[in-house]
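Contents: one structure, followed by commentary.
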Amino acid sequence: MNVAAIENDFQQKIDKDLFIEPKDAMPDKYREHLIRQISQHAHSEVIGMQPEGNWINRAPSLRAKQILLAKIQDEAGHGLYLYSAAETLNISREELIAQLHSGKAKYSNIFNYPALTWADIGAIGWLVDGAAIVNQVSLQRTSYGPYARAMFRICKEESFHQRQGYEIMAHMMNGTAEQKEMAQDAMNRWWWPSLMMFGPHDSDSPNSGNAFKWKIKRKGNDELRQKFIDKTVQQAEVIGLTVPDPDLKWNDEKQCYDYGEIDWDEFNKVISGNGPCNKQRINHHIKYHNEGAWVREAALAYSQKIQPNAI
Amino acid sequence: MTNQSDLFKYLLHLGDNALIHSYRLSELCSRGPFLEEDLALTNIALDQIGRASSFLKYAGEIEGKGRTEDDLAYKRGERQFYNHLITELPNGDFAYTIAKQLILSTYDVLLFTELSNSKDETIAGISSKVLKEVRYHFVHARDWCYRLGLGTELSHTKLQNAINEIWMFTGELFESDETYNDLYSKGIAVNTNSLKAKWLENITEVLTKSEINIPNVDYMQSGGKQGIHTEYLGHLLTEMQYLQRAYPNAKW
C-alpha cells in the first residue's frame with residue numbers, strides 16, 4: 001500500500017470510532033503526536049510526585065501520611081502505564097526520559113508551582129487532580145487503544161485523589177482560624193494555574209487541528225475548562241472557600257459560570273521555563289536519575305550473568 | 001497480671017521501629033534509581049506506617065490515658081522514642097538502603113514469626129498481618145543484594161562498604177532488656193537474643209551468595225531501646241511533628 005492508501009485506511013478506522021492498535025499502520029505524524037502527548041502525560045505524573053512527596057514526612061496524622069503516600073504511589077503507577085503506552089509507539093523509556101531532561105518533552109506546567117503548606121496538598125488533590133480528571137475522562141475515548149485503556153484505569157484512581165484533596169480542604173475549613181486562612185491561601189494560589197492546565201483558548205491552540213481529525217482529542221480546551229469550573233465552584237461554596245475571581249458569576253442563559261480573564265502572560269512565562277520551580281523539578285529528576293545509573297547497570301549486568309541469552 | 005507500663009513501652013518500641021523506618025523510606029519518594037523501584041521502596045514505607053499505626057494505637061489503649069496513635073507519634077520527645085538506632089540513620093546511597101533493608105527485614109521475619117504466636121491476642125493479630133508484609137520486604141532486599149553483590153564491581157564495592165558501615169548497629173537488635181523479663185516469660189514479648197543465631201545464619205546465606213563479607217566489628221552501638229538516640233532523631237522528629245507542634249489546637 002502506498003502512503004495515501006495507508007492514510008485513507010487509517011482515517012476510515014478513525015471515522016468509524018475504531019481504536020488504533022500498536023501494530024496498525026498509522027501516519028508518522030499521528031505517532032509523533034501521540035508520543036508527544038503520552039510522554040508529556042507520563043512525565044507529568046512523575047514530576048508531580050515531587051511537590052507532594054515534599055509533604056509526606058510532614059503530614060499531620062498517620063492516616064494523612066498513609067493516604068498521601070498511597071496517592072503518590074498511584075501517580076507513579078500512572079507514570080508506568082503511560083510510559084508503557086508510549087513504548088508501544090516504538091520509543092524506549094530511556095529515550096523518553098532523555099527527551100524530558102533535554103527539554104524536548106514537557107510535563108504539566110502546574111508542577112512548576114511550589115507546595116508551600118499542608119493546605120496545598122488539599123488543593124493539589126482537589127483542584128489539580130480535579131482538572132486532570134476532566135481531561136482524562138474525555139481521553140478514555142481517545143483513538144489510540146493503549147492510551148485509552150491507560151486512561152480508563154487512571155480515571156478510577158484519580159477520582160479517589162480528588163476526594164482526598166477535597167477532604168483535606170473541608171477539614172481545614174472546619175478547623176481553626178489559622179487552618180481556614182491556610183486553606184483559602186492555597187485556593188488563591190492554585191485556582192488560576194489549575195484553569196491554565198486546560199491549555200490556551202481553542203482559538204490560540206496550535207496543535208488541535210489534527211488532534212481532532214484523528215480523534216486523539218475529543219473536546220476543546222475551553223469546553224473542558226468550563227466543565228471543571230462549573231463543578232468546582234459549587235464544591236468551593238459548600239465548604240466556604242472563595243474562588244479568587246471577582247468576575248465569576250452564574251450565567252443563567254448559558255447555564256454555566258462566566259469567569260475572568262486568565263493571565264496568559266504568566267502561563268507563557270512558566271511554560272517557557274521561568275516558573276517558580278521549573279529548574280528545581282527538572283534538576284531533581286536529572287540528579288536522581290543520574291545517581292541511579294550504577295544501580296540500573298548492576299541490575300542489567302546481574303540479569304545477563306543469570307540469563308546470558310535473555311537480552 | 002502484666003505490668004501495663006512495661007507492655008506500653010514494648011508496644012512503643014514496636015511502633016517506633018516501624019514509624020522511624022517508614023520516615024527514612026518515605027524520604028526516598030521520587031528519588032529511586034528508576035520508577036518501579038521508587039514504588040517498591042515507598043510501598044515498604046507504606047506497610048511500615050500501617051504497622052506503626054496499629055502498634056501505637058494499641059499502646060494508647062494499654063496506657064489508658066486516652067492518647068491516640070497520633071498523639072503518640074506526634075507529641076512525644078526524642079527521649080521517649082524507643083526505636084532501634086539503625087532505623088533513624090540518614091539515607092546514604094541505594095546500597096546503604098538495601099543493606100539496611102536486608103538487616104531489618106531478616107530480623108523482622110524472625111521477630112514477627114514469633115510475635116504472631118504472642119499470648120497477647122492483639123499483638124498476635126497485628127503481627128500475623130505484618131509477617132506477610134515483611135516476607136516480601138525480605139525477598140526484595142535479598143534479590144537486590146544478589147544484583148548489587150554480583151552485578152558490577154562498583155555495585156559490589158558499594159554494597160560491601162554499606163554493610164561495613166552499618167554493621168555496628170546490628171548488635172542492638174538482639175539485646176535482651178530486663179524490663180521485659182515478665183513479658184518474655186509470659187510469652188507476650190520476644191527476647192530477641194534468642195533470634196540472633198538464626199538471623200546471622202539467614203543473613204550470612206544471602207551475603208555469601210552475594211559475595212559480600214561480614215565485617216569484624218569490635219563495638220556495637222546501642223541505646224535506642226532506652227531512648228538514647230543518635231543526633232539524627234531530633235531532626236527527624238522536628239520535621240515529622242512540625243504541624244502538630246505548630247498548631248496544637250488544630251485537628252487535621
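Numbering starts fresh at 1 for the residues of each chain in the C-alpha cells, the chains themselves are lettered A, B, ... in the order given, and ligands are numbered from 1 as they appear.
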Item to complete: Using only C-alpha atoms, select each residue of chain B with any atom at most 6 Å away from an atom of chain A, and give the selection as a ChimeraX atom specification.
Response: /B:31,33,70,147-148,151-152,240,243
Practice prompt. Would you list, as a PyMOL selection string, the residues of segment 45-265 of chain A that end up in strand (DSSP E) under DSSP run on this structure's backbone?
Written response: chain A and resi 249-251+256-258
Can you write just those residues out, all heavy atoms, as a PDB file, in the first residue's frame?
```pdb
ATOM      1  N   LYS A 249     -19.359  34.720  37.791  1.00  0.00           N
ATOM      2  CA  LYS A 249     -20.784  34.754  38.141  1.00  0.00           C
ATOM      3  C   LYS A 249     -21.591  33.785  37.265  1.00  0.00           C
ATOM      4  O   LYS A 249     -21.217  33.455  36.148  1.00  0.00           O
ATOM      5  CB  LYS A 249     -21.353  36.175  38.078  1.00  0.00           C
ATOM      6  CG  LYS A 249     -21.317  36.850  36.737  1.00  0.00           C
ATOM      7  CD  LYS A 249     -22.138  38.160  36.855  1.00  0.00           C
ATOM      8  CE  LYS A 249     -22.323  38.833  35.511  1.00  0.00           C
ATOM      9  NZ  LYS A 249     -21.076  39.336  34.899  1.00  0.00           N
ATOM     10  N   TRP A 250     -22.683  33.334  37.841  1.00  0.00           N
ATOM     11  CA  TRP A 250     -23.539  32.359  37.161  1.00  0.00           C
ATOM     12  C   TRP A 250     -24.248  33.035  35.990  1.00  0.00           C
ATOM     13  O   TRP A 250     -24.816  34.122  36.129  1.00  0.00           O
ATOM     14  CB  TRP A 250     -24.556  31.783  38.142  1.00  0.00           C
ATOM     15  CG  TRP A 250     -25.486  30.785  37.509  1.00  0.00           C
ATOM     16  CD1 TRP A 250     -26.808  30.958  37.232  1.00  0.00           C
ATOM     17  CD2 TRP A 250     -25.149  29.478  37.044  1.00  0.00           C
ATOM     18  NE1 TRP A 250     -27.322  29.827  36.633  1.00  0.00           N
ATOM     19  CE2 TRP A 250     -26.327  28.899  36.505  1.00  0.00           C
ATOM     20  CE3 TRP A 250     -23.954  28.724  37.031  1.00  0.00           C
ATOM     21  CZ2 TRP A 250     -26.342  27.615  35.960  1.00  0.00           C
ATOM     22  CZ3 TRP A 250     -23.989  27.452  36.482  1.00  0.00           C
ATOM     23  CH2 TRP A 250     -25.173  26.899  35.956  1.00  0.00           C
ATOM     24  N   ASN A 251     -24.181  32.396  34.845  1.00  0.00           N
ATOM     25  CA  ASN A 251     -24.852  32.915  33.658  1.00  0.00           C
ATOM     26  C   ASN A 251     -26.093  32.061  33.415  1.00  0.00           C
ATOM     27  O   ASN A 251     -25.986  30.915  32.984  1.00  0.00           O
ATOM     28  CB  ASN A 251     -23.872  32.839  32.467  1.00  0.00           C
ATOM     29  CG  ASN A 251     -24.465  33.440  31.209  1.00  0.00           C
ATOM     30  OD1 ASN A 251     -25.668  33.322  30.962  1.00  0.00           O
ATOM     31  ND2 ASN A 251     -23.609  34.079  30.400  1.00  0.00           N
ATOM     32  N   CYS A 256     -24.077  28.229  32.857  1.00  0.00           N
ATOM     33  CA  CYS A 256     -22.729  27.920  33.334  1.00  0.00           C
ATOM     34  C   CYS A 256     -22.129  29.203  33.898  1.00  0.00           C
ATOM     35  O   CYS A 256     -22.747  30.258  33.812  1.00  0.00           O
ATOM     36  CB  CYS A 256     -21.854  27.372  32.205  1.00  0.00           C
ATOM     37  SG  CYS A 256     -21.555  28.564  30.894  1.00  0.00           S
ATOM     38  N   TYR A 257     -20.933  29.082  34.497  1.00  0.00           N
ATOM     39  CA  TYR A 257     -20.300  30.268  35.078  1.00  0.00           C
ATOM     40  C   TYR A 257     -19.525  31.054  34.026  1.00  0.00           C
ATOM     41  O   TYR A 257     -18.812  30.472  33.207  1.00  0.00           O
ATOM     42  CB  TYR A 257     -19.345  29.863  36.208  1.00  0.00           C
ATOM     43  CG  TYR A 257     -20.059  29.492  37.487  1.00  0.00           C
ATOM     44  CD1 TYR A 257     -20.369  28.163  37.769  1.00  0.00           C
ATOM     45  CD2 TYR A 257     -20.423  30.474  38.404  1.00  0.00           C
ATOM     46  CE1 TYR A 257     -21.027  27.813  38.942  1.00  0.00           C
ATOM     47  CE2 TYR A 257     -21.081  30.131  39.581  1.00  0.00           C
ATOM     48  CZ  TYR A 257     -21.385  28.805  39.839  1.00  0.00           C
ATOM     49  OH  TYR A 257     -22.036  28.478  40.991  1.00  0.00           O
ATOM     50  N   ASP A 258     -19.665  32.387  34.095  1.00  0.00           N
ATOM     51  CA  ASP A 258     -18.729  33.255  33.376  1.00  0.00           C
ATOM     52  C   ASP A 258     -17.534  33.465  34.296  1.00  0.00           C
ATOM     53  O   ASP A 258     -17.690  33.535  35.516  1.00  0.00           O
ATOM     54  CB  ASP A 258     -19.381  34.619  33.084  1.00  0.00           C
ATOM     55  CG  ASP A 258     -20.474  34.493  32.023  1.00  0.00           C
ATOM     56  OD1 ASP A 258     -20.379  33.572  31.188  1.00  0.00           O
ATOM     57  OD2 ASP A 258     -21.417  35.317  32.055  1.00  0.00           O
TER      58      ASP A 258
END
```
Name all residues at most 12 Å from Tyr144 of chain A (count only C-alpha atoms; drop same-chain ones fewer than 4 positions away) and give them as a short mmCIF file (atom, residue, chain, number, x, y, z; two decimals) with C-alpha atoms, in the first residue's frame.
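This went into result_15.cif:
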```cif
data_model
loop_
_atom_site.label_atom_id
_atom_site.label_comp_id
_atom_site.auth_asym_id
_atom_site.auth_seq_id
_atom_site.Cartn_x
_atom_site.Cartn_y
_atom_site.Cartn_z
CA PHE A 10 -6.36 4.78 8.84
CA LYS A 13 -10.97 3.42 11.03
CA ILE A 14 -10.88 6.68 12.98
CA ASP A 17 -14.59 5.16 16.00
CA LEU A 18 -12.39 2.07 15.98
CA PHE A 19 -9.31 2.04 18.21
CA ILE A 20 -5.93 2.21 16.53
CA GLU A 21 -3.69 -0.52 17.94
CA PRO A 22 0.14 -0.65 18.08
CA LYS A 23 0.53 -2.97 15.09
CA ASP A 24 -1.84 -1.00 12.88
CA ALA A 25 -0.42 1.24 10.18
CA MET A 26 -0.59 4.89 11.16
CA TYR A 30 -0.09 10.61 14.35
CA ARG A 31 2.64 8.56 16.00
CA HIS A 33 1.68 13.49 18.14
CA LEU A 34 0.87 10.59 20.44
CA ILE A 35 4.43 10.19 21.66
CA GLN A 37 1.18 13.80 24.28
CA ILE A 38 1.50 10.48 26.12
CA ALA A 85 1.60 3.02 26.34
CA ALA A 86 4.23 5.32 24.80
CA THR A 88 4.10 0.68 22.10
CA LEU A 89 4.85 3.50 19.65
CA LEU A 139 -9.33 10.85 26.85
CA GLN A 140 -10.91 7.49 27.68
CA ALA A 148 -7.46 4.99 26.09
CA ARG A 149 -7.10 1.87 28.23
CA ALA A 150 -4.46 3.53 30.41
CA MET A 151 -6.86 6.43 30.90
CA ALA A 211 -5.74 16.06 17.11
CA TRP A 214 -7.56 11.87 14.40
CA LYS A 215 -9.81 11.86 17.46
CA ILE A 216 -6.85 11.94 19.82
CA LYS A 217 -8.69 14.85 21.30
#
```
Practice prompt. Would you return as a VMD selection string the members of segment 18-50 of chain A that DSSP assigns to alpha helix (DSSP H) on this structure's backbone?
Written response: chain A and resid 28 to 47 49 to 50
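When atom CA of His156 of chain B is paired with atom CA of Phe94 of chain B, their separation reads 11.9 Å.
Counting from atom CA of Phe112 of chain B, the distance to atom CA of His140 of chain B is 17.3 Å.
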Response to the item:
re atom CA of Cys155 of chain A and atom CA of Lys279 of chain A: distance 29.4 Å
Discussion item. Env of Asn188 of chain A: 6 Å cut, atoms = only C-alpha atoms, seq-sep filter 3 positions within chain, self excluded. Answer as a PyMOL selection string.
Written reply: chain A and resi 185+191+244
Could the residues in this selection be written to a file with N, CA, C and O atoms, as a CSV table (one decimal), in the first residue's frame?
```
chain,number,residue,atom,x,y,z
A,185,ASP,N,-5.7,30.5,51.4
A,185,ASP,CA,-4.5,30.9,50.7
A,185,ASP,C,-4.1,29.9,49.6
A,185,ASP,O,-3.7,30.3,48.5
A,191,TRP,N,-5.9,28.2,42.1
A,191,TRP,CA,-7.1,28.3,41.3
A,191,TRP,C,-6.7,28.6,39.8
A,191,TRP,O,-7.0,27.8,38.9
A,244,PRO,N,-11.1,32.9,43.9
A,244,PRO,CA,-10.4,34.2,43.7
A,244,PRO,C,-10.6,34.8,42.3
A,244,PRO,O,-9.6,35.1,41.6
```
Fill in: Contacts of segment 114-118 of chain B within 9 Å, only C-alpha atoms, excl. fewer than 6 positions in-chain, as a ChimeraX atom specification
/B:124-131,186-190
Residues as selected, N, CA and C atoms, written as a tab-separated table (two decimals), in the first residue's frame, can you do that?
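Just written: selection04.tsv:
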```tsv
chain	number	residue	atom	x	y	z
B	124	ALA	N	-0.54	-10.60	68.55
B	124	ALA	CA	-0.51	-11.74	67.62
B	124	ALA	C	-1.23	-11.40	66.32
B	125	GLY	N	-2.36	-10.72	66.44
B	125	GLY	CA	-3.15	-10.37	65.26
B	125	GLY	C	-2.40	-9.41	64.35
B	126	ILE	N	-1.88	-8.33	64.95
B	126	ILE	CA	-1.13	-7.35	64.15
B	126	ILE	C	0.08	-8.05	63.51
B	127	SER	N	0.74	-8.88	64.30
B	127	SER	CA	1.98	-9.50	63.83
B	127	SER	C	1.75	-10.48	62.68
B	128	SER	N	0.61	-11.16	62.70
B	128	SER	CA	0.33	-12.09	61.59
B	128	SER	C	0.23	-11.32	60.28
B	129	LYS	N	-0.39	-10.17	60.35
B	129	LYS	CA	-0.52	-9.34	59.15
B	129	LYS	C	0.86	-8.81	58.73
B	130	VAL	N	1.60	-8.34	59.72
B	130	VAL	CA	2.94	-7.79	59.44
B	130	VAL	C	3.84	-8.85	58.83
B	131	LEU	N	3.71	-10.07	59.33
B	131	LEU	CA	4.58	-11.15	58.85
B	131	LEU	C	4.46	-11.34	57.34
B	186	LYS	N	5.97	-14.59	80.02
B	186	LYS	CA	4.55	-14.86	79.77
B	186	LYS	C	4.23	-15.11	78.30
B	187	GLY	N	5.27	-15.04	77.49
B	187	GLY	CA	5.05	-15.32	76.06
B	187	GLY	C	4.35	-14.20	75.33
B	188	ILE	N	4.42	-13.00	75.90
B	188	ILE	CA	3.79	-11.84	75.25
B	188	ILE	C	4.79	-11.16	74.31
B	189	ALA	N	6.00	-10.93	74.83
B	189	ALA	CA	7.06	-10.31	74.03
B	189	ALA	C	8.10	-11.36	73.67
B	190	VAL	N	9.01	-11.00	72.77
B	190	VAL	CA	10.06	-11.93	72.36
B	190	VAL	C	11.41	-11.40	72.80
```
For segment 120-131 of chain A, work out the shell of residues within 7 Å, counting only C-alpha atoms and skipping chain neighbours fewer than 5 positions away, then give it as a tab-separated table (two decimals) with N, CA, C and O atoms, in the first residue's frame.
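around_10.tsv was written with the following content:
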```
chain	number	residue	atom	x	y	z
A	52	GLU	N	4.25	16.79	46.04
A	52	GLU	CA	3.51	16.05	47.07
A	52	GLU	C	4.46	15.28	47.97
A	52	GLU	O	4.26	15.23	49.19
A	115	ALA	N	4.53	23.62	46.51
A	115	ALA	CA	3.55	23.19	47.53
A	115	ALA	C	4.03	23.71	48.88
A	115	ALA	O	4.90	23.11	49.50
A	158	GLU	N	-7.98	8.48	40.02
A	158	GLU	CA	-7.94	9.94	40.19
A	158	GLU	C	-9.16	10.46	40.95
A	158	GLU	O	-9.08	11.47	41.64
A	161	HIS	N	-8.36	10.45	44.39
A	161	HIS	CA	-7.42	11.53	44.75
A	161	HIS	C	-8.14	12.84	44.95
A	161	HIS	O	-7.82	13.62	45.82
A	162	GLN	N	-9.10	13.08	44.08
A	162	GLN	CA	-9.79	14.35	44.19
A	162	GLN	C	-10.57	14.42	45.50
A	162	GLN	O	-10.57	15.43	46.18
A	163	ARG	N	-11.18	13.31	45.87
A	163	ARG	CA	-11.92	13.29	47.14
A	163	ARG	C	-10.98	13.49	48.32
A	163	ARG	O	-11.30	14.17	49.27
A	164	GLN	N	-9.80	12.87	48.22
A	164	GLN	CA	-8.80	13.02	49.29
A	164	GLN	C	-8.42	14.49	49.46
A	164	GLN	O	-8.35	15.01	50.57
A	165	GLY	N	-8.21	15.18	48.34
A	165	GLY	CA	-7.84	16.60	48.41
A	165	GLY	C	-8.97	17.44	48.98
A	165	GLY	O	-8.76	18.31	49.82
A	166	TYR	N	-10.16	17.13	48.53
A	166	TYR	CA	-11.32	17.89	48.99
A	166	TYR	C	-11.54	17.67	50.49
A	166	TYR	O	-11.88	18.58	51.22
A	168	ILE	N	-9.27	17.11	52.73
A	168	ILE	CA	-8.29	17.92	53.47
A	168	ILE	C	-8.80	19.36	53.57
A	168	ILE	O	-8.78	19.98	54.64
A	169	MET	N	-9.25	19.90	52.45
A	169	MET	CA	-9.73	21.28	52.43
A	169	MET	C	-10.96	21.44	53.34
A	169	MET	O	-11.04	22.39	54.12
A	186	ALA	N	-4.22	28.66	49.91
A	186	ALA	CA	-3.90	27.63	48.90
A	186	ALA	C	-4.85	27.75	47.71
A	186	ALA	O	-4.44	27.66	46.55
A	187	MET	N	-6.12	27.96	48.01
A	187	MET	CA	-7.13	28.16	46.95
A	187	MET	C	-6.72	29.33	46.05
A	187	MET	O	-6.77	29.24	44.82
A	190	TRP	N	-3.70	28.29	43.85
A	190	TRP	CA	-3.82	27.16	42.91
A	190	TRP	C	-4.97	27.31	41.90
A	190	TRP	O	-5.01	26.58	40.92
A	194	SER	N	-4.67	26.10	37.95
A	194	SER	CA	-5.47	24.92	37.60
A	194	SER	C	-6.26	25.17	36.32
A	194	SER	O	-6.39	24.27	35.47
A	228	PHE	N	-14.93	21.96	34.29
A	228	PHE	CA	-14.21	21.95	35.56
A	228	PHE	C	-14.68	23.09	36.47
A	228	PHE	O	-14.97	22.89	37.65
```
Fill in: Residue among B:Thr204, B:Asn164, B:Thr122, B:Gln241 lying closest to Leu7 of chain B, counting only C-alpha atoms
B:Thr122
As a PDB file with N, CA and C atoms, in the first residue's frame, please: the residues near Ile212 of chain B (cut-off 7 Å, only C-alpha atoms, same-chain neighbours under 4 positions excluded).
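File produced: part_2.pdb:
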```
ATOM      1  N   GLY B 149      25.587  -7.257  44.742  1.00  0.00           N
ATOM      2  CA  GLY B 149      26.788  -8.016  45.087  1.00  0.00           C
ATOM      3  C   GLY B 149      27.446  -8.627  43.859  1.00  0.00           C
ATOM      4  N   GLN B 160      29.381  -3.682  49.806  1.00  0.00           N
ATOM      5  CA  GLN B 160      30.302  -4.088  50.873  1.00  0.00           C
ATOM      6  C   GLN B 160      30.554  -2.922  51.837  1.00  0.00           C
ATOM      7  N   LEU B 207      24.366 -12.922  52.111  1.00  0.00           N
ATOM      8  CA  LEU B 207      25.588 -12.156  51.833  1.00  0.00           C
ATOM      9  C   LEU B 207      26.650 -13.033  51.177  1.00  0.00           C
ATOM     10  N   THR B 208      26.726 -14.275  51.596  1.00  0.00           N
ATOM     11  CA  THR B 208      27.708 -15.169  50.985  1.00  0.00           C
ATOM     12  C   THR B 208      27.399 -15.374  49.507  1.00  0.00           C
TER      13      THR B 208
END
```
Discussion item. Taking only C-alpha atoms into account, name the residue in B:Ile203, B:Leu56, B:Val217, B:Leu41 that is nearest to Ile123 of chain B.
Written reply: B:Leu56
